[in-house]
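Take a look at the structure below.
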There are 2 protein chains.
Amino acid sequence: MNAPDPFTTLLDLERGSLDPERGVSETRLSEIMGMYLEEADGVEDTVVYRVYQIPVPTTGSNLLSSTTVIEPGVVGREYHMTKGHFHAVRDRAEIYVCLSGEGRLVMATEDGRHAVEPMSRGTVNYVPGGWAHRSVNVGDEQLVFFAVYPGDAGYDYGTIEKEGFPVLVVADESGPEVIPNPRYKTASRDEAR
Amino acid sequence: MNAPDPFTTLLDLERGSLDPERGVSETRLSEIMGMYLEEADGVEDTVVYRVYQIPVPTTGSNLLSSTTVIEPGVVGREYHMTKGHFHAVRDRAEIYVCLSGEGRLVMATEDGRHAVEPMSRGTVNYVPGGWAHRSVNVGDEQLVFFAVYPGDAGYDYGTIEKEGFPVLVVADESGPEVIPNPRYKTASRDEAR
């Protein structure tokens with residue numbers, strides 16, 4: 001059995017920070033720009049989001065967990081968001097507990113179904129197996145959530161990079177609005193021609 | 001794939017209550033009395049703890065989650081606690097996020113190793129695969145935590161009912177103290193004679 005000994009991490013239930021802080025990854029605007037419809041007029045090295053992980057062996061008997069912090073902001077009309085991914089092992093679920101901010105969790109299946117769930121302090125979102133997931137910060141403050149998922153789930157970013165999500169969350173005068181993604185699966189359709 | 005559609009539950013990040021409230025189980029003193037060294041002088045139908053679950057199919061691709069609320073109290077010198085169990089599928093891990101109160105998470109392997117980790121607001125306890133786990137309320141208020149574990153983990157209560165944990169958490173004049181359990185594995189030793 002590939003398991004660590006029991007251990008405890010301290011999670012700030014408002015800001016999401018972890019103590020001890022073990023693994024941190026930053027995603028900058030330059031790494032995610034291609035996912036927005038419009039070109040960023042912001043500074044390309046702006047950090048869009050950070051993920052703080054509690055590392056364990058990446059096997060099916062372990063559970064990975066992490067805090068994600070998405071900075072507020074827009075690129076064109078689209079809000080700051082995570083890249084979004086399917087799990088490499090498709091049927092693995094994930095649970096999000098939102099700690100602060102206001103967001104939307106955009107999910108999609110490979111056959112084109114989609115769902116958009118609310119995120120705010122205390123929401124527990126269930127991401128079922130088979131659903132790609134992207135979180136979007138629609139507020140003026142940081143969006144902070146704690147996630148738990150199976151250690152063997154893995155990450156498939158490529159499918160979303162190529163196909164996109166069926167819908168986008170954009171800033172409308174009256175607030176966040178969900179609109180169809182005009183580029184959804186266009187790249188793969190072009191390839192198929 | 002046996003997965004629900006995406007859904008969202010609201011978790012009170014202080015009190016642990018869930019909205020909507022779907023599955024609740026109550027464990028009364030009468031059901032857990034045999035696990036204490038001394039006899040309870042309390043009222044047998046006192047609720048020791050409640051578990052509020054977010055139900056999903058019990059398969060390995062899903063994740064179960066629940067809030068546990070342990071009422072404060074003692075039986076003899078032992079604090080109120082959960083029954084404690086191994087996962088039926090032994091290697092499945094579990095993650096606890098404590099929301100309020102003060103507790104100890106007692107864990108043990110089948111070969112007799114044990115660990116006692118602290119629980120207080122914001123602690124994230126990692127229960128690795130292979131470790132039985134019991135939470136103990138050592139404070140004067142409710143101990144509240146949110147747990148996530150694989151849908152196929154299952155519950156083996158019988159091994160703990162028979163063997164106990166290697167250690168007990170008891171109230172000492174200076175606060176909670178961890179002592180060896182004089183009855184640990186005595187029942188199974190008696191059977192082996």
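Residues are referred to by chain and number: the chain letter is A, B, ... according to the order shown in the structure tokens, the number counts from 1 in that chain, and ligands are numbered separately from 1 in the order shown.
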Skip stretch 55-66 of chain B itself and residues of its chain fewer than 3 positions away, then list as a list of chain:residue names all residues within 6 Å of it, counting only C-alpha atoms.
-> A:Asp91, A:Arg92, A:Ala93, B:Tyr52, B:Phe146, B:Ala147, B:Val148, B:Tyr149, B:Pro150, B:Gly151, B:Asp152
Residues of the last selection are to be written out with all heavy atoms, as a PDB file, in the first residue's frame.
ATOM      1  N   ASP A  91     -13.727   8.832 -15.068  1.00  0.00           N
ATOM      2  CA  ASP A  91     -14.898   8.674 -14.189  1.00  0.00           C
ATOM      3  C   ASP A  91     -14.657   9.186 -12.770  1.00  0.00           C
ATOM      4  O   ASP A  91     -15.528   9.022 -11.908  1.00  0.00           O
ATOM      5  CB  ASP A  91     -15.362   7.213 -14.168  1.00  0.00           C
ATOM      6  CG  ASP A  91     -14.435   6.317 -13.360  1.00  0.00           C
ATOM      7  OD1 ASP A  91     -13.366   6.787 -12.913  1.00  0.00           O
ATOM      8  OD2 ASP A  91     -14.791   5.142 -13.169  1.00  0.00           O
ATOM      9  N   ARG A  92     -13.531   9.827 -12.502  1.00  0.00           N
ATOM     10  CA  ARG A  92     -13.241  10.273 -11.138  1.00  0.00           C
ATOM     11  C   ARG A  92     -13.976  11.577 -10.806  1.00  0.00           C
ATOM     12  O   ARG A  92     -13.896  12.545 -11.557  1.00  0.00           O
ATOM     13  CB  ARG A  92     -11.738  10.479 -10.953  1.00  0.00           C
ATOM     14  CG  ARG A  92     -10.927   9.196 -11.111  1.00  0.00           C
ATOM     15  CD  ARG A  92     -11.352   8.147 -10.097  1.00  0.00           C
ATOM     16  NE  ARG A  92     -10.409   7.051 -10.034  1.00  0.00           N
ATOM     17  CZ  ARG A  92     -10.606   5.852 -10.595  1.00  0.00           C
ATOM     18  NH1 ARG A  92     -11.712   5.585 -11.264  1.00  0.00           N
ATOM     19  NH2 ARG A  92      -9.687   4.916 -10.454  1.00  0.00           N
ATOM     20  N   ALA A  93     -14.637  11.583  -9.661  1.00  0.00           N
ATOM     21  CA  ALA A  93     -15.396  12.751  -9.211  1.00  0.00           C
ATOM     22  C   ALA A  93     -14.487  13.742  -8.478  1.00  0.00           C
ATOM     23  O   ALA A  93     -13.297  13.480  -8.261  1.00  0.00           O
ATOM     24  CB  ALA A  93     -16.519  12.308  -8.288  1.00  0.00           C
TER      25      ALA A  93
ATOM     26  N   TYR B  52     -24.509  13.964   8.922  1.00  0.00           N
ATOM     27  CA  TYR B  52     -25.342  14.487   7.836  1.00  0.00           C
ATOM     28  C   TYR B  52     -24.605  14.210   6.537  1.00  0.00           C
ATOM     29  O   TYR B  52     -23.536  14.767   6.301  1.00  0.00           O
ATOM     30  CB  TYR B  52     -25.545  16.002   7.987  1.00  0.00           C
ATOM     31  CG  TYR B  52     -26.134  16.414   9.306  1.00  0.00           C
ATOM     32  CD1 TYR B  52     -25.333  16.557  10.438  1.00  0.00           C
ATOM     33  CD2 TYR B  52     -27.495  16.651   9.445  1.00  0.00           C
ATOM     34  CE1 TYR B  52     -25.871  16.930  11.655  1.00  0.00           C
ATOM     35  CE2 TYR B  52     -28.048  17.035  10.663  1.00  0.00           C
ATOM     36  CZ  TYR B  52     -27.227  17.161  11.758  1.00  0.00           C
ATOM     37  OH  TYR B  52     -27.756  17.528  12.972  1.00  0.00           O
ATOM     38  N   PHE B 146     -16.180  18.186   8.505  1.00  0.00           N
ATOM     39  CA  PHE B 146     -16.671  17.776   7.192  1.00  0.00           C
ATOM     40  C   PHE B 146     -15.677  16.759   6.645  1.00  0.00           C
ATOM     41  O   PHE B 146     -14.463  16.988   6.675  1.00  0.00           O
ATOM     42  CB  PHE B 146     -16.754  18.997   6.275  1.00  0.00           C
ATOM     43  CG  PHE B 146     -17.356  18.725   4.916  1.00  0.00           C
ATOM     44  CD1 PHE B 146     -18.717  18.487   4.780  1.00  0.00           C
ATOM     45  CD2 PHE B 146     -16.566  18.718   3.777  1.00  0.00           C
ATOM     46  CE1 PHE B 146     -19.283  18.244   3.533  1.00  0.00           C
ATOM     47  CE2 PHE B 146     -17.123  18.473   2.519  1.00  0.00           C
ATOM     48  CZ  PHE B 146     -18.484  18.241   2.406  1.00  0.00           C
ATOM     49  N   ALA B 147     -16.173  15.608   6.180  1.00  0.00           N
ATOM     50  CA  ALA B 147     -15.298  14.525   5.725  1.00  0.00           C
ATOM     51  C   ALA B 147     -15.576  14.177   4.267  1.00  0.00           C
ATOM     52  O   ALA B 147     -16.720  14.286   3.802  1.00  0.00           O
ATOM     53  CB  ALA B 147     -15.526  13.285   6.583  1.00  0.00           C
ATOM     54  N   VAL B 148     -14.546  13.788   3.552  1.00  0.00           N
ATOM     55  CA  VAL B 148     -14.677  13.332   2.158  1.00  0.00           C
ATOM     56  C   VAL B 148     -13.947  11.998   2.017  1.00  0.00           C
ATOM     57  O   VAL B 148     -12.810  11.863   2.495  1.00  0.00           O
ATOM     58  CB  VAL B 148     -14.075  14.348   1.163  1.00  0.00           C
ATOM     59  CG1 VAL B 148     -14.225  13.851  -0.277  1.00  0.00           C
ATOM     60  CG2 VAL B 148     -14.732  15.723   1.311  1.00  0.00           C
ATOM     61  N   TYR B 149     -14.595  11.016   1.392  1.00  0.00           N
ATOM     62  CA  TYR B 149     -13.972   9.702   1.215  1.00  0.00           C
ATOM     63  C   TYR B 149     -14.558   9.012  -0.013  1.00  0.00           C
ATOM     64  O   TYR B 149     -15.658   9.351  -0.464  1.00  0.00           O
ATOM     65  CB  TYR B 149     -14.143   8.845   2.475  1.00  0.00           C
ATOM     66  CG  TYR B 149     -15.562   8.711   2.986  1.00  0.00           C
ATOM     67  CD1 TYR B 149     -16.294   7.551   2.766  1.00  0.00           C
ATOM     68  CD2 TYR B 149     -16.171   9.747   3.690  1.00  0.00           C
ATOM     69  CE1 TYR B 149     -17.597   7.419   3.238  1.00  0.00           C
ATOM     70  CE2 TYR B 149     -17.482   9.625   4.156  1.00  0.00           C
ATOM     71  CZ  TYR B 149     -18.176   8.467   3.925  1.00  0.00           C
ATOM     72  OH  TYR B 149     -19.472   8.348   4.369  1.00  0.00           O
ATOM     73  N   PRO B 150     -13.817   8.039  -0.561  1.00  0.00           N
ATOM     74  CA  PRO B 150     -14.277   7.388  -1.797  1.00  0.00           C
ATOM     75  C   PRO B 150     -15.613   6.679  -1.599  1.00  0.00           C
ATOM     76  O   PRO B 150     -15.863   6.076  -0.541  1.00  0.00           O
ATOM     77  CB  PRO B 150     -13.165   6.377  -2.109  1.00  0.00           C
ATOM     78  CG  PRO B 150     -11.953   6.916  -1.403  1.00  0.00           C
ATOM     79  CD  PRO B 150     -12.487   7.568  -0.158  1.00  0.00           C
ATOM     80  N   GLY B 151     -16.458   6.738  -2.612  1.00  0.00           N
ATOM     81  CA  GLY B 151     -17.796   6.157  -2.521  1.00  0.00           C
ATOM     82  C   GLY B 151     -17.818   4.666  -2.241  1.00  0.00           C
ATOM     83  O   GLY B 151     -18.792   4.144  -1.691  1.00  0.00           O
ATOM     84  N   ASP B 152     -16.745   3.966  -2.591  1.00  0.00           N
ATOM     85  CA  ASP B 152     -16.713   2.511  -2.404  1.00  0.00           C
ATOM     86  C   ASP B 152     -15.965   2.096  -1.140  1.00  0.00           C
ATOM     87  O   ASP B 152     -15.707   0.911  -0.937  1.00  0.00           O
ATOM     88  CB  ASP B 152     -16.072   1.827  -3.621  1.00  0.00           C
ATOM     89  CG  ASP B 152     -14.584   2.154  -3.739  1.00  0.00           C
ATOM     90  OD1 ASP B 152     -14.107   3.084  -3.047  1.00  0.00           O
ATOM     91  OD2 ASP B 152     -13.897   1.493  -4.541  1.00  0.00           O
TER      92      ASP B 152
END
Find the residues in chain A near chain B: any atom within 6 Å counts, using only C-alpha atoms. Write them as a list in words.
->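 The complete set of qualifying residues is Ala3, Pro6, Phe7, Thr8, Thr9, Leu10, Leu11, Asp12, Leu13, Ser61, Asn62, Asp91, Arg92, Ala93, Gly122, Thr123, Val124, Asn125, Tyr126, Val127 and Pro128 of chain A.
Among B:Arg134, B:Arg183, B:Arg50, B:His87, the residue with the shortest atom-to-atom distance to B:Leu29, counting only C-alpha atoms, is B:Arg50.
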What is the atom CA of B:Glu141-atom CA of B:Glu78 distance in Å, reported with one decimal?
-> 15.6 Å
If you count only C-alpha atoms, which residues fall within 12 Å of A:Gly164, apart from same-chain ones fewer than 2 positions away, as number ranges by chain?
-> A: 34-37, 83-86, 106-110, 112, 114, 132-134, 157-162, 166-168, 180-188
So which residues touch B:Glu71 within 12 Å, counting only C-alpha atoms, skipping near sequence neighbours fewer than 6 positions away, as a list in words?
->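 My reading of the contact set: Glu26, Thr27, Arg28, Leu29, Thr46, Val47, Val48, Tyr49, Arg50, Val51, Tyr79, His80, Met81, Thr82, Ser100, Gly101, Glu102, Gly103, Ser135, Val136, Asn137, Val138, Gly139, Asp140, Glu141, Gln142, Leu143 and Val144 of chain B.
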Restricting it to C-alpha atoms, dump the selection as a PDB file, in the first residue's frame.
ATOM      1  CA  GLU B  26     -28.018   9.679  14.979  1.00  0.00           C
ATOM      2  CA  THR B  27     -25.916   7.547  17.304  1.00  0.00           C
ATOM      3  CA  ARG B  28     -27.247   7.341  20.861  1.00  0.00           C
ATOM      4  CA  LEU B  29     -25.358   6.472  24.010  1.00  0.00           C
ATOM      5  CA  THR B  46     -28.762  10.860  24.674  1.00  0.00           C
ATOM      6  CA  VAL B  47     -27.520  11.557  21.153  1.00  0.00           C
ATOM      7  CA  VAL B  48     -23.701  11.356  21.154  1.00  0.00           C
ATOM      8  CA  TYR B  49     -23.253  12.323  17.507  1.00  0.00           C
ATOM      9  CA  ARG B  50     -25.079  13.000  14.273  1.00  0.00           C
ATOM     10  CA  VAL B  51     -23.841  12.472  10.709  1.00  0.00           C
ATOM     11  CA  TYR B  79     -14.908  11.821  26.122  1.00  0.00           C
ATOM     12  CA  HIS B  80     -17.808  11.469  23.703  1.00  0.00           C
ATOM     13  CA  MET B  81     -16.557   9.933  20.488  1.00  0.00           C
ATOM     14  CA  THR B  82     -17.616   8.221  17.272  1.00  0.00           C
ATOM     15  CA  SER B 100     -15.503  24.016  15.083  1.00  0.00           C
ATOM     16  CA  GLY B 101     -14.785  22.623  18.518  1.00  0.00           C
ATOM     17  CA  GLU B 102     -11.760  20.832  19.849  1.00  0.00           C
ATOM     18  CA  GLY B 103     -11.045  17.166  19.240  1.00  0.00           C
ATOM     19  CA  SER B 135     -12.953  11.282  16.442  1.00  0.00           C
ATOM     20  CA  VAL B 136     -13.174  12.378  20.056  1.00  0.00           C
ATOM     21  CA  ASN B 137     -14.712  15.620  21.345  1.00  0.00           C
ATOM     22  CA  VAL B 138     -12.354  16.865  24.076  1.00  0.00           C
ATOM     23  CA  GLY B 139     -13.934  20.329  24.367  1.00  0.00           C
ATOM     24  CA  ASP B 140     -16.987  21.934  25.960  1.00  0.00           C
ATOM     25  CA  GLU B 141     -18.721  22.698  22.652  1.00  0.00           C
ATOM     26  CA  GLN B 142     -19.843  20.594  19.687  1.00  0.00           C
ATOM     27  CA  LEU B 143     -17.015  19.108  17.605  1.00  0.00           C
ATOM     28  CA  VAL B 144     -17.939  19.631  13.935  1.00  0.00           C
TER      29      VAL B 144
END
List every residue of stretch 124-170 of chain A that DSSP, applied to the backbone, labels as strand (DSSP E or B), and write the result as a count of residues only.
-> 23
Could you tell me how far atom CA of B:Val170 lies from atom CA of B:Glu38, in Å and to one decimal?
->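 Calculated distance between atom CA of B:Val170 and atom CA of B:Glu38 is 11.5 Å.
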Looking at B:Val178, B:Val75, B:Ala171, B:Ala88, which one is nearest to B:Ala40, with distances taken over only C-alpha atoms?
-> B:Val75
DSSP helix (DSSP H, G or I) residues within stretch 5-180 of chain B, as a PyMOL selection string = chain B and resi 29-35+158-163
